[in-house]
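Here's structure17.cif, which has mmCIF, C-alpha atoms:
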data_my_file
loop_
_atom_site.group_PDB
_atom_site.id
_atom_site.type_symbol
_atom_site.label_atom_id
_atom_site.label_comp_id
_atom_site.auth_asym_id
_atom_site.auth_seq_id
_atom_site.Cartn_x
_atom_site.Cartn_y
_atom_site.Cartn_z
ATOM 1 C CA MET A 265 87.860 38.608 108.745
ATOM 2 C CA ARG A 266 90.017 40.524 111.193
ATOM 3 C CA ALA A 267 89.401 42.953 114.062
ATOM 4 C CA PHE A 268 91.876 45.595 115.183
ATOM 5 C CA ILE A 269 91.593 46.118 118.951
ATOM 6 C CA PHE A 270 93.172 48.821 121.106
ATOM 7 C CA PRO A 271 94.224 48.614 124.800
ATOM 8 C CA GLY A 272 93.055 50.808 127.661
ATOM 9 C CA GLN A 273 94.524 52.305 130.807
ATOM 10 C CA GLY A 274 97.026 50.154 132.646
ATOM 11 C CA SER A 275 98.962 49.214 129.506
ATOM 12 C CA GLN A 276 101.314 52.193 129.886
ATOM 13 C CA SER A 277 104.937 51.727 130.986
ATOM 14 C CA VAL A 278 108.044 53.895 131.046
ATOM 15 C CA GLY A 279 109.996 53.334 127.839
ATOM 16 C CA MET A 280 106.879 52.770 125.717
ATOM 17 C CA GLY A 281 107.439 53.680 122.092
ATOM 18 C CA ALA A 282 111.140 54.489 122.479
ATOM 19 C CA ALA A 283 112.530 51.634 120.374
ATOM 20 C CA LEU A 284 109.716 52.023 117.856
ATOM 21 C CA ALA A 285 110.518 55.722 117.420
ATOM 22 C CA GLU A 286 114.193 54.901 116.804
ATOM 23 C CA ALA A 287 113.211 52.476 114.063
ATOM 24 C CA SER A 288 110.304 54.333 112.464
ATOM 25 C CA ARG A 289 109.931 57.852 111.125
ATOM 26 C CA ALA A 290 106.151 57.362 111.107
ATOM 27 C CA ALA A 291 106.232 56.651 114.843
ATOM 28 C CA ARG A 292 108.433 59.681 115.566
ATOM 29 C CA ASP A 293 106.091 61.912 113.587
ATOM 30 C CA THR A 294 103.105 60.534 115.494
ATOM 31 C CA PHE A 295 104.648 61.310 118.877
ATOM 32 C CA ASP A 296 105.718 64.781 117.687
ATOM 33 C CA GLU A 297 102.186 65.513 116.474
ATOM 34 C CA VAL A 298 100.679 64.532 119.830
ATOM 35 C CA ASP A 299 103.240 66.628 121.714
ATOM 36 C CA GLU A 300 102.389 69.629 119.556
ATOM 37 C CA ALA A 301 98.631 69.128 119.965
ATOM 38 C CA LEU A 302 98.901 68.939 123.758
ATOM 39 C CA GLY A 303 101.635 71.532 124.208
ATOM 40 C CA GLN A 304 103.619 69.164 126.412
ATOM 41 C CA HIS A 305 106.563 66.771 126.127
ATOM 42 C CA LEU A 306 104.398 63.683 126.462
ATOM 43 C CA PHE A 307 106.725 61.429 124.482
ATOM 44 C CA ARG A 308 109.646 62.369 126.714
ATOM 45 C CA LEU A 309 107.502 61.347 129.694
ATOM 46 C CA MET A 310 106.643 58.065 127.922
ATOM 47 C CA ARG A 311 110.333 57.427 127.212
ATOM 48 C CA GLU A 312 111.890 58.524 130.480
ATOM 49 C CA GLY A 313 109.181 58.708 133.153
ATOM 50 C CA PRO A 314 108.872 59.170 136.047
ATOM 51 C CA ASP A 315 106.377 56.342 136.296
ATOM 52 C CA GLU A 316 104.203 58.199 138.840
ATOM 53 C CA GLU A 317 103.655 61.033 136.357
ATOM 54 C CA LEU A 318 103.005 58.718 133.411
ATOM 55 C CA LYS A 319 100.386 56.849 135.467
ATOM 56 C CA LEU A 320 98.359 60.036 135.995
ATOM 57 C CA THR A 321 95.128 59.526 134.101
ATOM 58 C CA GLU A 322 95.492 62.737 132.088
ATOM 59 C CA ASN A 323 98.891 61.534 130.808
ATOM 60 C CA ALA A 324 98.294 57.797 130.553
ATOM 61 C CA GLN A 325 95.235 58.111 128.330
ATOM 62 C CA PRO A 326 96.773 60.180 125.496
ATOM 63 C CA ALA A 327 100.074 58.277 125.864
ATOM 64 C CA ILE A 328 98.475 54.878 125.305
ATOM 65 C CA MET A 329 96.535 56.218 122.322
ATOM 66 C CA ALA A 330 99.655 57.825 120.832
ATOM 67 C CA HIS A 331 101.558 54.551 121.159
ATOM 68 C CA SER A 332 98.790 52.563 119.469
ATOM 69 C CA ILE A 333 98.545 54.990 116.555
ATOM 70 C CA ALA A 334 102.346 55.080 116.206
ATOM 71 C CA VAL A 335 102.347 51.286 115.909
ATOM 72 C CA LEU A 336 99.512 51.386 113.383
ATOM 73 C CA ARG A 337 101.198 54.034 111.251
ATOM 74 C CA THR A 338 104.460 52.088 111.354
ATOM 75 C CA MET A 339 102.553 49.072 110.041
ATOM 76 C CA GLY A 340 101.624 51.183 107.029
ATOM 77 C CA VAL A 341 98.271 49.486 106.418
ATOM 78 C CA ARG A 342 94.908 51.062 105.755
ATOM 79 C CA VAL A 343 92.422 49.979 108.383
ATOM 80 C CA ALA A 344 89.688 49.671 105.762
ATOM 81 C CA ASP A 345 91.842 47.192 103.811
ATOM 82 C CA ALA A 346 93.096 45.155 106.754
ATOM 83 C CA ALA A 347 90.192 44.971 109.238
ATOM 84 C CA SER A 348 86.458 44.408 109.293
ATOM 85 C CA PHE A 349 85.910 45.918 112.765
ATOM 86 C CA VAL A 350 87.705 48.150 115.248
ATOM 87 C CA ALA A 351 87.141 48.180 118.998
ATOM 88 C CA GLY A 352 88.964 49.490 122.045
ATOM 89 C CA HIS A 353 88.833 48.934 125.773
ATOM 90 C CA SER A 354 87.623 52.146 127.451
ATOM 91 C CA LEU A 355 90.054 54.876 126.289
ATOM 92 C CA GLY A 356 91.076 52.417 123.564
ATOM 93 C CA GLU A 357 87.769 53.227 121.886
ATOM 94 C CA TYR A 358 89.223 56.660 121.070
ATOM 95 C CA SER A 359 92.335 54.988 119.605
ATOM 96 C CA ALA A 360 90.054 52.778 117.510
ATOM 97 C CA LEU A 361 88.108 55.782 116.233
ATOM 98 C CA CYS A 362 91.314 57.635 115.394
ATOM 99 C CA ALA A 363 92.602 54.560 113.554
ATOM 100 C CA ALA A 364 89.380 54.336 111.557
ATOM 101 C CA GLY A 365 89.397 58.049 110.665
ATOM 102 C CA SER A 366 86.548 59.332 112.860
ATOM 103 C CA PHE A 367 88.910 61.733 114.641
ATOM 104 C CA ASP A 368 92.247 63.138 113.561
ATOM 105 C CA LEU A 369 95.221 62.494 115.838
ATOM 106 C CA ALA A 370 95.399 65.972 117.380
ATOM 107 C CA THR A 371 91.686 65.961 118.225
ATOM 108 C CA THR A 372 91.937 62.494 119.762
ATOM 109 C CA ALA A 373 94.882 63.534 121.943
ATOM 110 C CA LYS A 374 93.062 66.646 123.190
ATOM 111 C CA LEU A 375 89.872 64.735 123.923
ATOM 112 C CA LEU A 376 91.756 62.119 125.922
ATOM 113 C CA LYS A 377 93.711 64.725 127.868
ATOM 114 C CA LEU A 378 90.406 66.369 128.822
ATOM 115 C CA ARG A 379 88.784 62.988 129.520
ATOM 116 C CA GLY A 380 91.612 62.050 131.872
ATOM 117 C CA GLN A 381 91.432 65.360 133.711
ATOM 118 C CA ALA A 382 87.641 65.233 133.998
ATOM 119 C CA MET A 383 87.634 61.646 135.274
ATOM 120 C CA GLN A 384 90.265 62.454 137.874
ATOM 121 C CA GLN A 385 88.399 65.527 139.081
ATOM 122 C CA ALA A 386 84.965 63.862 139.221
ATOM 123 C CA VAL A 387 85.602 62.118 142.549
ATOM 124 C CA PRO A 388 87.976 63.315 145.310
ATOM 125 C CA VAL A 389 90.979 61.030 145.778
ATOM 126 C CA GLY A 390 90.264 58.342 148.356
ATOM 127 C CA GLN A 391 86.473 58.379 147.981
ATOM 128 C CA GLY A 392 86.284 55.875 145.122
ATOM 129 C CA ALA A 393 87.880 52.537 144.306
ATOM 130 C CA MET A 394 87.857 49.622 141.857
ATOM 131 C CA ALA A 395 88.483 45.905 142.238
ATOM 132 C CA ALA A 396 88.867 42.939 139.914
ATOM 133 C CA LEU A 397 86.752 39.899 140.745
ATOM 134 C CA LEU A 398 88.600 36.834 139.483
ATOM 135 C CA GLY A 399 86.768 33.596 138.866
ATOM 136 C CA ALA A 400 83.499 35.513 138.651
ATOM 137 C CA ASP A 401 81.207 35.951 135.672
ATOM 138 C CA LEU A 402 78.953 38.954 135.113
ATOM 139 C CA ALA A 403 75.973 37.526 137.016
ATOM 140 C CA LEU A 404 78.032 36.687 140.112
ATOM 141 C CA ALA A 405 79.863 40.021 139.993
ATOM 142 C CA GLN A 406 76.545 41.870 139.875
ATOM 143 C CA LYS A 407 75.286 39.900 142.892
ATOM 144 C CA ILE A 408 78.419 40.776 144.855
ATOM 145 C CA ALA A 409 78.168 44.446 143.856
ATOM 146 C CA ASP A 410 74.482 44.604 144.839
ATOM 147 C CA ALA A 411 75.169 42.986 148.208
ATOM 148 C CA ALA A 412 78.090 45.309 148.940
ATOM 149 C CA ALA A 413 76.418 48.580 147.903
ATOM 150 C CA GLN A 414 74.384 49.171 151.074
ATOM 151 C CA GLY A 415 73.250 52.590 149.921
ATOM 152 C CA GLU A 416 76.522 53.488 148.159
ATOM 153 C CA VAL A 417 77.522 53.132 144.508
ATOM 154 C CA CYS A 418 78.919 49.695 143.668
ATOM 155 C CA THR A 419 78.470 48.449 140.143
ATOM 156 C CA VAL A 420 80.107 46.446 137.367
ATOM 157 C CA ALA A 421 82.542 48.618 135.416
ATOM 158 C CA ASN A 422 84.207 46.159 133.020
ATOM 159 C CA ASP A 423 82.862 42.794 131.908
ATOM 160 C CA ASN A 424 86.275 41.732 130.620
ATOM 161 C CA ASP A 425 85.939 37.991 130.018
ATOM 162 C CA PRO A 426 84.114 34.971 131.460
ATOM 163 C CA SER A 427 86.423 34.851 134.497
ATOM 164 C CA GLN A 428 87.278 38.508 135.173
ATOM 165 C CA VAL A 429 84.882 41.314 135.995
ATOM 166 C CA VAL A 430 85.831 44.712 137.453
ATOM 167 C CA ILE A 431 83.602 46.599 139.887
ATOM 168 C CA SER A 432 83.694 50.307 140.682
ATOM 169 C CA GLY A 433 82.150 52.747 143.158
ATOM 170 C CA HIS A 434 82.515 54.233 146.631
ATOM 171 C CA LYS A 435 85.566 52.950 148.489
ATOM 172 C CA GLY A 436 83.527 51.606 151.408
ATOM 173 C CA ALA A 437 81.326 49.575 149.094
ATOM 174 C CA ILE A 438 84.289 48.205 147.131
ATOM 175 C CA ASP A 439 86.013 47.241 150.387
ATOM 176 C CA ARG A 440 82.872 45.352 151.433
ATOM 177 C CA ALA A 441 82.731 43.619 148.042
ATOM 178 C CA ILE A 442 86.348 42.499 148.401
ATOM 179 C CA GLU A 443 85.592 41.049 151.829
ATOM 180 C CA MET A 444 82.512 39.104 150.719
ATOM 181 C CA ALA A 445 83.637 38.079 147.211
ATOM 182 C CA LYS A 446 85.210 34.725 148.081
ATOM 183 C CA GLU A 447 82.362 33.775 150.389
ATOM 184 C CA MET A 448 79.894 34.475 147.572
ATOM 185 C CA GLY A 449 81.746 32.298 145.057
ATOM 186 C CA ALA A 450 84.511 34.371 143.430
ATOM 187 C CA LYS A 451 88.016 32.921 143.358
ATOM 188 C CA ARG A 452 89.450 36.139 144.748
ATOM 189 C CA ALA A 453 89.088 39.922 144.660
ATOM 190 C CA VAL A 454 91.985 42.246 143.909
ATOM 191 C CA PRO A 455 91.886 46.002 144.587
ATOM 192 C CA LEU A 456 93.120 47.944 141.556
ATOM 193 C CA PRO A 457 95.738 50.709 141.803
ATOM 194 C CA VAL A 458 93.585 53.396 140.189
ATOM 195 C CA SER A 459 93.122 57.027 141.099
ATOM 196 C CA ALA A 460 89.356 57.182 140.478
ATOM 197 C CA PRO A 461 86.320 54.860 140.195
ATOM 198 C CA PHE A 462 85.930 54.654 136.419
ATOM 199 C CA HIS A 463 82.821 53.500 134.528
ATOM 200 C CA CYS A 464 80.288 54.017 137.303
ATOM 201 C CA PRO A 465 77.652 56.693 138.092
ATOM 202 C CA LEU A 466 80.172 58.653 140.182
ATOM 203 C CA MET A 467 81.767 59.669 136.868
ATOM 204 C CA GLN A 468 78.713 61.699 135.810
ATOM 205 C CA PRO A 469 80.562 65.071 136.056
ATOM 206 C CA ALA A 470 83.173 63.680 133.650
ATOM 207 C CA ALA A 471 80.442 62.467 131.299
ATOM 208 C CA GLU A 472 78.999 65.983 131.180
ATOM 209 C CA ALA A 473 82.454 67.424 130.474
ATOM 210 C CA MET A 474 82.844 65.003 127.559
ATOM 211 C CA ARG A 475 79.334 65.770 126.284
ATOM 212 C CA ASP A 476 80.305 69.431 126.088
ATOM 213 C CA ALA A 477 83.704 68.767 124.472
ATOM 214 C CA LEU A 478 82.323 66.326 121.913
ATOM 215 C CA SER A 479 79.589 68.780 120.902
ATOM 216 C CA TYR A 480 82.288 70.953 119.303
ATOM 217 C CA VAL A 481 84.071 68.106 117.512
ATOM 218 C CA VAL A 482 83.414 66.761 114.023
ATOM 219 C CA VAL A 483 82.910 62.984 114.127
ATOM 220 C CA GLU A 484 83.430 61.332 110.756
ATOM 221 C CA ALA A 485 81.953 57.934 109.903
ATOM 222 C CA PRO A 486 84.669 55.330 110.632
ATOM 223 C CA SER A 487 86.153 53.476 107.670
ATOM 224 C CA VAL A 488 85.039 50.191 109.282
ATOM 225 C CA PRO A 489 82.367 49.724 111.972
ATOM 226 C CA LEU A 490 83.253 50.427 115.602
ATOM 227 C CA VAL A 491 82.027 47.822 118.093
ATOM 228 C CA ALA A 492 81.100 50.129 120.946
ATOM 229 C CA ASN A 493 81.845 49.509 124.632
ATOM 230 C CA VAL A 494 78.377 50.406 125.877
ATOM 231 C CA THR A 495 76.359 48.302 123.399
ATOM 232 C CA ALA A 496 78.818 45.629 122.188
ATOM 233 C CA GLU A 497 77.301 46.250 118.748
ATOM 234 C CA PRO A 498 78.838 47.688 115.561
ATOM 235 C CA THR A 499 78.030 51.213 114.459
ATOM 236 C CA SER A 500 79.258 53.679 111.859
ATOM 237 C CA ASP A 501 76.852 56.534 112.576
ATOM 238 C CA PRO A 502 78.679 59.682 113.786
ATOM 239 C CA ASP A 503 75.887 60.922 116.083
ATOM 240 C CA THR A 504 75.516 57.485 117.661
ATOM 241 C CA ILE A 505 79.273 57.312 118.233
ATOM 242 C CA ARG A 506 79.281 60.763 119.842
ATOM 243 C CA ASN A 507 76.502 59.777 122.260
ATOM 244 C CA GLN A 508 78.093 56.425 123.047
ATOM 245 C CA LEU A 509 81.384 58.112 123.986
ATOM 246 C CA VAL A 510 79.476 60.158 126.563
ATOM 247 C CA ASP A 511 77.605 57.120 127.890
ATOM 248 C CA GLN A 512 80.865 55.171 128.053
ATOM 249 C CA VAL A 513 82.236 57.364 130.868
ATOM 250 C CA THR A 514 79.653 56.100 133.365
ATOM 251 C CA GLY A 515 78.639 52.896 131.572
ATOM 252 C CA MET A 516 79.913 49.343 131.680
ATOM 253 C CA VAL A 517 82.627 48.277 129.237
ATOM 254 C CA ARG A 518 80.999 45.243 127.609
ATOM 255 C CA TRP A 519 84.247 43.754 126.355
ATOM 256 C CA ARG A 520 83.284 40.069 126.652
ATOM 257 C CA GLU A 521 80.171 40.610 124.539
ATOM 258 C CA SER A 522 82.047 42.843 122.082
ATOM 259 C CA VAL A 523 84.640 40.166 121.323
ATOM 260 C CA ALA A 524 82.030 37.407 121.181
ATOM 261 C CA ASN A 525 79.901 39.428 118.768
ATOM 262 C CA MET A 526 82.852 40.180 116.477
ATOM 263 C CA PHE A 527 83.838 36.502 116.483
ATOM 264 C CA ASP A 528 80.264 35.414 115.744
ATOM 265 C CA ALA A 529 80.154 37.916 112.869
ATOM 266 C CA GLY A 530 83.156 36.187 111.294
ATOM 267 C CA ALA A 531 86.158 38.077 112.712
ATOM 268 C CA HIS A 532 88.268 35.120 113.839
ATOM 269 C CA GLU A 533 91.556 37.037 113.959
ATOM 270 C CA PHE A 534 92.176 39.775 116.539
ATOM 271 C CA VAL A 535 95.165 42.108 116.296
ATOM 272 C CA GLU A 536 95.924 44.136 119.430
ATOM 273 C CA ILE A 537 97.621 47.355 118.342
ATOM 274 C CA GLY A 538 100.134 48.761 120.840
ATOM 275 C CA GLY A 539 99.663 46.444 123.801
ATOM 276 C CA LYS A 540 99.684 42.918 125.170
ATOM 277 C CA VAL A 541 96.764 43.051 127.625
ATOM 278 C CA LEU A 542 93.637 42.270 125.587
ATOM 279 C CA GLY A 543 94.901 39.124 123.875
ATOM 280 C CA SER A 544 94.523 36.859 126.900
ATOM 281 C CA MET A 545 90.969 38.149 127.416
ATOM 282 C CA VAL A 546 90.121 37.416 123.785
ATOM 283 C CA LYS A 547 91.393 33.842 124.106
ATOM 284 C CA ARG A 548 89.224 33.255 127.182
ATOM 285 C CA ILE A 549 86.180 34.645 125.335
ATOM 286 C CA ALA A 550 86.807 33.002 121.956
ATOM 287 C CA PRO A 551 89.329 30.139 122.384
ATOM 288 C CA ASP A 552 89.368 29.427 118.643
ATOM 289 C CA ALA A 553 90.322 32.992 117.713
ATOM 290 C CA LYS A 554 93.774 33.829 116.421
ATOM 291 C CA VAL A 555 95.325 36.604 118.527
ATOM 292 C CA THR A 556 98.338 38.744 117.623
ATOM 293 C CA SER A 557 99.820 41.558 119.709
ATOM 294 C CA ILE A 558 101.750 44.252 117.845
ATOM 295 C CA VAL A 559 104.121 46.372 119.956
ATOM 296 C CA THR A 560 107.692 46.186 118.628
ATOM 297 C CA ILE A 561 109.137 46.877 115.195
ATOM 298 C CA GLU A 562 109.668 43.115 114.864
ATOM 299 C CA ASP A 563 105.965 42.547 115.538
ATOM 300 C CA VAL A 564 105.107 45.151 112.922
ATOM 301 C CA GLU A 565 107.331 43.553 110.282
ATOM 302 C CA ALA A 566 105.964 40.079 110.959
ATOM 303 C CA LEU A 567 102.346 41.160 110.599
ATOM 304 C CA ALA A 568 103.068 43.314 107.543
ATOM 305 C CA LYS A 569 104.385 40.236 105.736
ATOM 306 C CA GLU A 570 101.314 38.247 106.739
ATOM 307 C CA ILE A 571 98.839 40.918 105.640
ATOM 308 C CA ALA A 572 100.717 41.537 102.397
#
Would you mind writing the file out in structure tokens?
Amino acid sequence: MRAFIFPGQGSQSVGMGAALAEASRAARDTFDEVDEALGQHLFRLMREGPDEELKLTENAQPAIMAHSIAVLRTMGVRVADAASFVAGHSLGEYSALCAAGSFDLATTAKLLKLRGQAMQQAVPVGQGAMAALLGADLALAQKIADAAAQGEVCTVANDNDPSQVVISGHKGAIDRAIEMAKEMGAKRAVPLPVSAPFHCPLMQPAAEAMRDALSYVVVEAPSVPLVANVTAEPTSDPDTIRNQLVDQVTGMVRWRESVANMFDAGAHEFVEIGGKVLGSMVKRIAPDAKVTSIVTIEDVEALAKEIA
């Protein structure tokens, strides 16, 4: 059994998709379709930058999704034939749902553009922050977050793997957490270069914006179950998926549990579509898993031979 997994924010870089588009008509068509849906030259920004503009949440989110779907379409495989589960890290959940047919590409791009804008606008710049706690498991990270809160929001945002947990909240609280992390048992704490405190209660205005947007969108049952961020459990029910996408904005990304649950269910091969960031997490969660990252045309050709 195999799981297709899709990366989240932070995996963007100037030049992404350029070589793939030169080699693949399917990739070019994907990028053109996203540009048309958004009414902007997003692929030109992906190809040429500037980096500061690509990093903006409202651009990075649809760009990363577009790249993942371009890679998948270049592979030329049906998800239902090649995978038993799909999952994505944060925005990658939208890529996973697009790959599995719950949303069409244009709808996915528009939802992610709105999601990025809403998340950026939810908290004024400078009021929120995020930090990665390295050498800390979920229990220790939660202790550090609780100790640092002191009346402000400070909570676990991403349970990435057994040795890396991300916290999110008010900047003052995150600064306190960084200061006390080593003393409380973490190896170190690293502030993240993000523009907003994602996956915490401060994102509630963005969650409401997504609730409204998703109420107008048709959600089809995915061709294979989605292992959802907020539950770490598989689902194929459209209404459940819709609600989970709203909850995901403020909720914790339960990535460690998601991977462990897929592995325990028999998915011992994980294919990261369009990035090289989730593979190392998967190996720390499930050391016996086979992990493949598909980004370049050479990667695509190698996997296509294996699947065939």
Is there a way to get, as a VMD selection string, all residues within 7 Å of the point (80.8, 38.1, 128.0) in file coordinates, counting all atoms listed in the file?
chain A and resid 423 425 to 426 519 to 521 524 549
At a cut-off of 9 Å from (80.8, 35.0, 138.2) in the coordinates of the file, what residues are picked up using all atoms listed in the file, written as a PyMOL selection string?
chain A and resi 397-407+426-429+449-450
Take the residues from that selection and put them in a file with C-alpha atoms, as a PDB file, in the coordinates of the input.
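Saved result, part29.pdb, follows:
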ATOM      1  CA  LEU A 397      86.752  39.899 140.745  1.00  0.00           C
ATOM      2  CA  LEU A 398      88.600  36.834 139.483  1.00  0.00           C
ATOM      3  CA  GLY A 399      86.768  33.596 138.866  1.00  0.00           C
ATOM      4  CA  ALA A 400      83.499  35.513 138.651  1.00  0.00           C
ATOM      5  CA  ASP A 401      81.207  35.951 135.672  1.00  0.00           C
ATOM      6  CA  LEU A 402      78.953  38.954 135.113  1.00  0.00           C
ATOM      7  CA  ALA A 403      75.973  37.526 137.016  1.00  0.00           C
ATOM      8  CA  LEU A 404      78.032  36.687 140.112  1.00  0.00           C
ATOM      9  CA  ALA A 405      79.863  40.021 139.993  1.00  0.00           C
ATOM     10  CA  GLN A 406      76.545  41.870 139.875  1.00  0.00           C
ATOM     11  CA  LYS A 407      75.286  39.900 142.892  1.00  0.00           C
ATOM     12  CA  PRO A 426      84.114  34.971 131.460  1.00  0.00           C
ATOM     13  CA  SER A 427      86.423  34.851 134.497  1.00  0.00           C
ATOM     14  CA  GLN A 428      87.278  38.508 135.173  1.00  0.00           C
ATOM     15  CA  VAL A 429      84.882  41.314 135.995  1.00  0.00           C
ATOM     16  CA  GLY A 449      81.746  32.298 145.057  1.00  0.00           C
ATOM     17  CA  ALA A 450      84.511  34.371 143.430  1.00  0.00           C
TER      18      ALA A 450
END
Near Ile269 (chain A), within 9 Å and counting all atoms listed in the file, which residues show up once chain neighbours fewer than 4 positions away are dropped, as a list in words?
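Result of the neighbour search: Phe349, Val350, Ala351, Gly352, His353, Gly356, Glu357, Ser359, Ala360, Phe534, Val535, Glu536, Ile537 and Leu542 of chain A.
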Written as a PDB file with C-alpha atoms, keeping the file's coordinate frame, which residues does the PyMOL selection byres ((chain A and resi 516) around 7) give for the file shown?
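Result file selection-v1.pdb:
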ATOM      1  CA  VAL A 420      80.107  46.446 137.367  1.00  0.00           C
ATOM      2  CA  ALA A 421      82.542  48.618 135.416  1.00  0.00           C
ATOM      3  CA  ASN A 422      84.207  46.159 133.020  1.00  0.00           C
ATOM      4  CA  HIS A 463      82.821  53.500 134.528  1.00  0.00           C
ATOM      5  CA  VAL A 494      78.377  50.406 125.877  1.00  0.00           C
ATOM      6  CA  GLN A 512      80.865  55.171 128.053  1.00  0.00           C
ATOM      7  CA  THR A 514      79.653  56.100 133.365  1.00  0.00           C
ATOM      8  CA  GLY A 515      78.639  52.896 131.572  1.00  0.00           C
ATOM      9  CA  VAL A 517      82.627  48.277 129.237  1.00  0.00           C
ATOM     10  CA  ARG A 518      80.999  45.243 127.609  1.00  0.00           C
TER      11      ARG A 518
END
I'd like to know which of A:Thr338, A:Ser432, A:Gln391, A:Thr419 is closest to Ala291 (chain A), using all atoms listed in the file.
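When distances to Ala291 (chain A) are compared using all atoms listed in the file, the smallest one comes from A:Thr338.
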Could you tell me which residues the PyMOL selection byres ((chain A and resi 473-476) around 12) grabs in this file, written as a PyMOL selection string?
chain A and resi 374-386+467-472+477-481+503+505-514
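Matched in the shown structure by the PyMOL selection byres ((chain A and resi 392) around 9): A:Val387, A:Pro388, A:Val389, A:Gly390, A:Gln391, A:Ala393, A:Met394, A:Ser432, A:Gly433, A:His434, A:Lys435, A:Gly436, A:Ala437, A:Ile438, A:Ser459, A:Ala460, A:Pro461, A:Phe462, A:Leu466.
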Just give me the gap between CA of Leu302 (chain A) and CA of Thr560 (chain A) in Å, one decimal is fine.
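These two atoms are separated by 24.9 Å.
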Atom pair CA of Gly539 (chain A) / CA of Ala267 (chain A): separation (Å)
14.6 Å
Could you check the closest approach to Ala396 (chain A) for each of A:Ala370, A:Val278, A:Cys464, A:Ala445 and tell me which residue wins, using only C-alpha atoms?
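Of A:Ala370, A:Val278, A:Cys464, A:Ala445, the one nearest Ala396 (chain A) is A:Ala445, counting only C-alpha atoms.
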Just the residues within 10 Å of Tyr358 (chain A), please, counting all atoms listed in the file, with nothing from its chain fewer than 3 positions along; format it as a ChimeraX atom specification.
/A:270,272,325-326,329,351-355,361-364,366-367,369,372-373,375-376,509
Distance query His532 (chain A) at most 7 Å, all atoms listed in the file, self and fewer than 4 positions along chain excluded, as an mmCIF file with C-alpha atoms, keeping the file's coordinate frame:
data_model
loop_
_atom_site.group_PDB
_atom_site.id
_atom_site.type_symbol
_atom_site.label_atom_id
_atom_site.label_comp_id
_atom_site.auth_asym_id
_atom_site.auth_seq_id
_atom_site.Cartn_x
_atom_site.Cartn_y
_atom_site.Cartn_z
ATOM 1 C CA MET A 265 87.860 38.608 108.745
ATOM 2 C CA ARG A 266 90.017 40.524 111.193
ATOM 3 C CA PHE A 527 83.838 36.502 116.483
ATOM 4 C CA ALA A 553 90.322 32.992 117.713
ATOM 5 C CA LYS A 554 93.774 33.829 116.421
#
For Asn525 (chain A), which residue out of A:Leu309, A:Ala492, A:Val541, A:Val417 is the nearest one, using all atoms listed in the file?
A:Ala492
What gap, in Å, lies between CA of Ile431 (chain A) and CA of Lys547 (chain A)?
21.7 Å
Smallest atom-to-atom distance to Pro314 (chain A): which of A:Pro271, A:Gly279, A:Pro489, A:Pro502, using all atoms listed in the file?
A:Gly279
